[in-house]
$ cat protein06.cif   # mmCIF, C-alpha atoms; chains and numbers go by the auth columns
data_my_file
loop_
_atom_site.group_PDB
_atom_site.id
_atom_site.type_symbol
_atom_site.label_atom_id
_atom_site.label_comp_id
_atom_site.label_asym_id
_atom_site.label_seq_id
_atom_site.Cartn_x
_atom_site.Cartn_y
_atom_site.Cartn_z
_atom_site.B_iso_or_equiv
_atom_site.auth_seq_id
_atom_site.auth_asym_id
ATOM 1 C CA MET A 1 -50.198 102.355 36.514 0.00 29 A
ATOM 2 C CA THR A 2 -50.802 101.078 32.982 0.00 30 A
ATOM 3 C CA THR A 3 -54.371 100.372 31.935 0.00 31 A
ATOM 4 C CA PRO A 4 -54.740 96.775 30.665 0.00 32 A
ATOM 5 C CA ILE A 5 -55.292 96.443 26.897 0.00 33 A
ATOM 6 C CA ALA A 6 -58.888 95.192 27.141 0.00 34 A
ATOM 7 C CA GLU A 7 -59.891 98.125 29.355 0.00 35 A
ATOM 8 C CA LEU A 8 -57.929 100.604 27.209 0.00 36 A
ATOM 9 C CA LEU A 9 -59.557 99.383 23.992 0.00 37 A
ATOM 10 C CA GLY A 10 -62.961 99.545 25.680 0.00 38 A
ATOM 11 C CA ALA A 11 -62.360 103.232 26.433 0.00 39 A
ATOM 12 C CA VAL A 12 -61.426 104.183 22.838 0.00 40 A
ATOM 13 C CA PRO A 13 -64.982 105.299 21.895 0.00 41 A
ATOM 14 C CA SER A 14 -64.714 107.993 24.607 0.00 42 A
ATOM 15 C CA LEU A 15 -62.169 109.727 22.346 0.00 43 A
ATOM 16 C CA ASN A 16 -64.797 110.456 19.692 0.00 44 A
ATOM 17 C CA ASP A 17 -65.997 114.058 19.647 0.00 45 A
ATOM 18 C CA PRO A 18 -69.012 114.812 17.434 0.00 46 A
ATOM 19 C CA THR A 19 -67.609 118.292 16.728 0.00 47 A
ATOM 20 C CA GLU A 20 -64.447 116.834 15.154 0.00 48 A
ATOM 21 C CA PRO A 21 -64.205 115.539 11.556 0.00 49 A
ATOM 22 C CA PHE A 22 -62.437 112.301 12.538 0.00 50 A
ATOM 23 C CA THR A 23 -63.249 109.162 14.531 0.00 51 A
ATOM 24 C CA TYR A 24 -61.410 106.494 16.498 0.00 52 A
ATOM 25 C CA GLU A 25 -62.293 102.801 16.640 0.00 53 A
ATOM 26 C CA VAL A 26 -60.816 99.444 17.607 0.00 54 A
ATOM 27 C CA ARG A 27 -60.000 97.068 14.732 0.00 55 A
ATOM 28 C CA ASP A 28 -58.368 93.684 15.346 0.00 56 A
ATOM 29 C CA GLY A 29 -56.781 94.820 18.614 0.00 57 A
ATOM 30 C CA THR A 30 -55.409 98.080 17.189 0.00 58 A
ATOM 31 C CA ILE A 31 -56.672 101.647 17.540 0.00 59 A
ATOM 32 C CA VAL A 32 -57.501 103.305 14.223 0.00 60 A
ATOM 33 C CA GLY A 33 -58.154 107.001 13.735 0.00 61 A
ATOM 34 C CA SER A 34 -59.850 107.896 10.437 0.00 62 A
ATOM 35 C CA TRP A 35 -60.377 111.274 8.789 0.00 63 A
ATOM 36 C CA ASP A 36 -62.202 111.710 5.474 0.00 64 A
ATOM 37 C CA ILE A 37 -60.528 115.069 4.830 0.00 65 A
ATOM 38 C CA VAL A 38 -62.404 116.065 1.688 0.00 66 A
ATOM 39 C CA ARG A 39 -64.440 114.456 -1.071 0.00 67 A
ATOM 40 C CA ALA A 40 -65.914 116.851 -3.602 0.00 68 A
ATOM 41 C CA THR A 41 -66.588 117.427 -7.270 0.00 69 A
ATOM 42 C CA THR A 42 -66.716 120.968 -8.577 0.00 70 A
ATOM 43 C CA LEU A 43 -68.480 121.766 -11.830 0.00 71 A
ATOM 44 C CA TYR A 44 -67.120 124.934 -13.407 0.00 72 A
ATOM 45 C CA PRO A 45 -68.646 126.378 -16.564 0.00 73 A
ATOM 46 C CA THR A 46 -66.022 124.667 -18.769 0.00 74 A
ATOM 47 C CA GLU A 47 -64.473 121.937 -16.606 0.00 75 A
ATOM 48 C CA ILE A 48 -65.036 119.358 -13.879 0.00 76 A
ATOM 49 C CA GLU A 49 -62.610 118.913 -10.979 0.00 77 A
ATOM 50 C CA SER A 50 -62.705 116.235 -8.283 0.00 78 A
ATOM 51 C CA ILE A 51 -60.698 115.723 -5.109 0.00 79 A
ATOM 52 C CA ASP A 52 -60.672 112.968 -2.483 0.00 80 A
ATOM 53 C CA LYS A 53 -58.310 112.897 0.516 0.00 81 A
ATOM 54 C CA ASP A 54 -58.272 110.433 3.433 0.00 82 A
ATOM 55 C CA TYR A 55 -56.005 109.943 6.456 0.00 83 A
ATOM 56 C CA HIS A 56 -55.676 106.992 8.858 0.00 84 A
ATOM 57 C CA ILE A 57 -53.469 106.417 11.877 0.00 85 A
ATOM 58 C CA THR A 58 -53.117 102.898 13.288 0.00 86 A
ATOM 59 C CA VAL A 59 -51.744 102.312 16.794 0.00 87 A
ATOM 60 C CA THR A 60 -50.384 98.869 17.684 0.00 88 A
ATOM 61 C CA LEU A 61 -49.970 98.060 21.380 0.00 89 A
ATOM 62 C CA ASP A 62 -47.248 95.915 23.000 0.00 90 A
ATOM 63 C CA ALA A 63 -48.782 94.530 26.216 0.00 91 A
ATOM 64 C CA ALA A 64 -45.495 93.151 27.565 0.00 92 A
ATOM 65 C CA LYS A 65 -43.681 96.508 27.417 0.00 93 A
ATOM 66 C CA HIS A 66 -46.702 98.839 27.775 0.00 94 A
ATOM 67 C CA THR A 67 -45.607 100.678 24.647 0.00 95 A
ATOM 68 C CA TYR A 68 -47.222 101.543 21.338 0.00 96 A
ATOM 69 C CA GLU A 69 -46.167 102.102 17.760 0.00 97 A
ATOM 70 C CA PHE A 70 -48.115 103.909 15.074 0.00 98 A
ATOM 71 C CA ASN A 71 -48.282 104.160 11.327 0.00 99 A
ATOM 72 C CA GLU A 72 -49.952 106.843 9.259 0.00 100 A
ATOM 73 C CA ARG A 73 -51.508 106.393 5.831 0.00 101 A
ATOM 74 C CA LYS A 74 -52.697 109.209 3.633 0.00 102 A
ATOM 75 C CA THR A 75 -54.278 108.884 0.192 0.00 103 A
ATOM 76 C CA SER A 76 -55.125 111.650 -2.207 0.00 104 A
ATOM 77 C CA SER A 77 -56.623 111.651 -5.680 0.00 105 A
ATOM 78 C CA GLU A 78 -57.419 114.581 -7.921 0.00 106 A
ATOM 79 C CA GLY A 79 -58.789 114.742 -11.417 0.00 107 A
ATOM 80 C CA SER A 80 -60.041 117.245 -13.936 0.00 108 A
ATOM 81 C CA VAL A 81 -61.782 117.222 -17.295 0.00 109 A
ATOM 82 C CA SER A 82 -62.048 120.259 -19.535 0.00 110 A
ATOM 83 C CA GLY A 83 -62.200 121.165 -23.186 0.00 111 A
ATOM 84 C CA ASP A 84 -58.381 121.041 -23.226 0.00 112 A
ATOM 85 C CA GLY A 85 -58.171 117.420 -22.021 0.00 113 A
ATOM 86 C CA ALA A 86 -58.190 115.387 -18.835 0.00 114 A
ATOM 87 C CA GLY A 87 -55.788 114.716 -15.993 0.00 115 A
ATOM 88 C CA PHE A 88 -55.673 112.485 -12.940 0.00 116 A
ATOM 89 C CA SER A 89 -53.239 112.014 -10.075 0.00 117 A
ATOM 90 C CA LYS A 90 -53.187 109.685 -7.071 0.00 118 A
ATOM 91 C CA ASP A 91 -50.760 109.917 -4.151 0.00 119 A
ATOM 92 C CA PHE A 92 -50.146 107.464 -1.306 0.00 120 A
ATOM 93 C CA PHE A 93 -48.113 107.877 1.862 0.00 121 A
ATOM 94 C CA SER A 94 -47.442 105.387 4.635 0.00 122 A
ATOM 95 C CA GLY A 95 -45.101 106.035 7.554 0.00 123 A
ATOM 96 C CA LYS A 96 -44.792 108.831 10.111 0.00 124 A
ATOM 97 C CA SER A 97 -45.360 112.470 9.260 0.00 125 A
ATOM 98 C CA THR A 98 -46.358 115.894 10.421 0.00 126 A
ATOM 99 C CA SER A 99 -48.370 117.958 7.977 0.00 127 A
ATOM 100 C CA LYS A 100 -50.853 120.801 7.670 0.00 128 A
ATOM 101 C CA GLU A 101 -53.006 121.663 4.679 0.00 129 A
ATOM 102 C CA PHE A 102 -55.526 124.314 3.767 0.00 130 A
ATOM 103 C CA SER A 103 -57.459 124.598 0.529 0.00 131 A
ATOM 104 C CA PHE A 104 -60.142 126.942 -0.750 0.00 132 A
ATOM 105 C CA SER A 105 -61.704 126.732 -4.200 0.00 133 A
ATOM 106 C CA ILE A 106 -64.129 129.288 -5.641 0.00 134 A
ATOM 107 C CA GLY A 107 -66.549 129.003 -8.519 0.00 135 A
ATOM 108 C CA GLY A 108 -69.082 126.739 -10.099 0.00 136 A
ATOM 109 C CA VAL A 109 -71.368 124.224 -8.459 0.00 137 A
ATOM 110 C CA SER A 110 -69.866 121.885 -5.857 0.00 138 A
ATOM 111 C CA LYS A 111 -71.088 118.375 -5.058 0.00 139 A
ATOM 112 C CA THR A 112 -69.959 116.924 -1.720 0.00 140 A
ATOM 113 C CA ASP A 113 -71.228 114.180 0.598 0.00 141 A
ATOM 114 C CA ASP A 114 -73.588 116.830 2.030 0.00 142 A
ATOM 115 C CA GLY A 115 -75.237 117.553 -1.340 0.00 143 A
ATOM 116 C CA VAL A 116 -74.986 120.110 -4.160 0.00 144 A
ATOM 117 C CA SER A 117 -74.335 123.795 -3.511 0.00 145 A
ATOM 118 C CA MET A 118 -72.871 126.992 -4.903 0.00 146 A
ATOM 119 C CA LYS A 119 -70.570 127.219 -1.864 0.00 147 A
ATOM 120 C CA PRO A 120 -66.798 127.083 -2.308 0.00 148 A
ATOM 121 C CA VAL A 121 -64.990 123.869 -1.400 0.00 149 A
ATOM 122 C CA ALA A 122 -62.727 124.512 1.581 0.00 150 A
ATOM 123 C CA TYR A 123 -60.913 122.232 4.012 0.00 151 A
ATOM 124 C CA THR A 124 -58.136 122.237 6.587 0.00 152 A
ATOM 125 C CA PHE A 125 -56.104 119.299 7.812 0.00 153 A
ATOM 126 C CA SER A 126 -53.397 118.913 10.450 0.00 154 A
ATOM 127 C CA THR A 127 -51.972 115.617 11.672 0.00 155 A
ATOM 128 C CA SER A 128 -51.608 117.021 15.190 0.00 156 A
ATOM 129 C CA ARG A 129 -55.367 117.574 15.383 0.00 157 A
ATOM 130 C CA ILE A 130 -56.044 113.821 15.245 0.00 158 A
ATOM 131 C CA LYS A 131 -52.796 112.550 16.833 0.00 159 A
ATOM 132 C CA ASP A 132 -52.619 114.783 19.924 0.00 160 A
ATOM 133 C CA PRO A 133 -55.858 113.553 21.579 0.00 161 A
ATOM 134 C CA LEU A 134 -54.941 109.931 20.811 0.00 162 A
ATOM 135 C CA PHE A 135 -51.394 110.164 22.161 0.00 163 A
ATOM 136 C CA THR A 136 -52.582 112.082 25.243 0.00 164 A
ATOM 137 C CA PHE A 137 -55.193 109.360 25.879 0.00 165 A
ATOM 138 C CA LEU A 138 -52.533 106.635 25.655 0.00 166 A
ATOM 139 C CA GLN A 139 -50.150 108.543 27.939 0.00 167 A
ATOM 140 C CA GLN A 140 -52.911 109.140 30.519 0.00 168 A
ATOM 141 C CA HIS A 141 -53.461 105.373 30.595 0.00 169 A
ATOM 142 C CA GLY A 142 -49.750 104.684 31.225 0.00 170 A
ATOM 143 C CA TRP A 143 -48.732 103.693 27.690 0.00 171 A
ATOM 144 C CA GLN A 144 -45.502 105.070 26.223 0.00 172 A
ATOM 145 C CA ARG A 145 -44.431 105.465 22.639 0.00 173 A
ATOM 146 C CA LYS A 146 -41.940 102.802 21.564 0.00 174 A
ATOM 147 C CA LYS A 147 -38.497 104.303 21.132 0.00 175 A
ATOM 148 C CA GLY A 148 -36.832 103.533 17.844 0.00 176 A
ATOM 149 C CA LEU A 149 -33.208 103.724 16.765 0.00 177 A
ATOM 150 C CA LEU A 150 -33.493 107.325 15.535 0.00 178 A
ATOM 151 C CA SER A 151 -36.294 108.500 17.827 0.00 179 A
ATOM 152 C CA GLY A 152 -34.086 111.092 19.468 0.00 180 A
ATOM 153 C CA LEU A 153 -33.456 112.745 16.117 0.00 181 A
ATOM 154 C CA PHE A 154 -36.880 112.365 14.535 0.00 182 A
ATOM 155 C CA ASN A 155 -39.309 112.285 17.473 0.00 183 A
ATOM 156 C CA ARG A 156 -42.738 113.313 16.130 0.00 184 A
#
$ encode --input "protein06.cif" --output "structure tokens"
Amino acid sequence: MTTPIAELLGAVPSLNDPTEPFTYEVRDGTIVGSWDIVRATTLYPTEIESIDKDYHITVTLDAAKHTYEFNERKTSSEGSVSGDGAGFSKDFFSGKSTSKEFSFSIGGVSKTDDGVSMKPVAYTFSTSRIKDPLFTFLQQHGWQRKKGLLSGLFNR
């Protein structure tokens, strides 16, 4: 049996786990998962580097068919300033993807949302880590992923 939308959306906060780096919430009748992957500035002896990466997944529900669609959005910006010059890059992605990342940076003083430290900046990210609990939740409540034209070939 499919859980009605109002009841399903009311249960979304139960997905949040304080040990995980991401959260789920209801916005305008959709389910949004958000992950602030990393935001840090590292001060090396001769240069400054900054990085900011965010990921969002938005699930839209179709009450008539008891199906859902989703869209992923990932933004990334990196910059550096040194005696040799400056550089900046910004990347955007919107669509469906599967990705994993790991980064570890050593040296200098790092400033993050948690404060300033001599610790290295390290992070890991995997889309399955945020998508799997969400999709399992939807399936347990009787909702199925909407099948697209090429879903048999590119089912993620």
$ resolve_selection --input "protein06.cif" --expression "the PyMOL selection byres ((chain A and resi 104) around 6)" --output "list of chain:residue names"
A:Asp80, A:Lys81, A:Thr103, A:Ser105, A:Lys118, A:Asp119
$ resolve_selection --input "protein06.cif" --expression "the PyMOL selection byres ((chain A and resi 53) around 12)" --output "JSON, numbers by chain"
{"A": [36, 37, 38, 39, 40, 41, 42, 43, 44, 50, 51, 52, 54, 55, 56, 57, 58, 59, 60, 61, 62, 63, 84, 85, 86, 87, 162]}
$ atom_distance --input "protein06.cif" --atom1 "CA of Phe153 in chain A" --atom2 "CA of Ser110 in chain A"
28.0 Å
$ closest_residue --input "protein06.cif" --among "A:Ala114, A:Ala34, A:Leu89, A:Ile158" --to "Ile65 in chain A" --atoms "all atoms listed in the file"
A:Ile158
$ atom_distance --input "protein06.cif" --atom1 "CA of Thr70 in chain A" --atom2 "CA of Asp112 in chain A"
16.9 Å
$ closest_residue --input "protein06.cif" --among "A:Lys159, A:Arg173, A:Lys93, A:Arg101" --to "Pro32 in chain A" --atoms "all atoms listed in the file"
A:Lys93
$ atom_distance --input "protein06.cif" --atom1 "CA of Val109 in chain A" --atom2 "CA of Thr69 in chain A"
11.1 Å
$ closest_residue --input "protein06.cif" --among "A:Glu35, A:Thr152, A:Ile76, A:Asp82" --to "Leu166 in chain A" --atoms "all atoms listed in the file"
A:Glu35
$ closest_residue --input "protein06.cif" --among "A:Asp64, A:Asp90, A:Glu97, A:Asp45" --to "Lys174 in chain A" --atoms "all atoms listed in the file"
A:Glu97
$ closest_residue --input "protein06.cif" --among "A:Thr47, A:Thr155, A:Glu100, A:Gly170" --to "Ile33 in chain A" --atoms "all atoms listed in the file"
A:Gly170
$ closest_residue --input "protein06.cif" --among "A:Ser108, A:Thr31, A:Thr126, A:Asn99" --to "Gln172 in chain A" --atoms "all atoms listed in the file"
A:Thr31
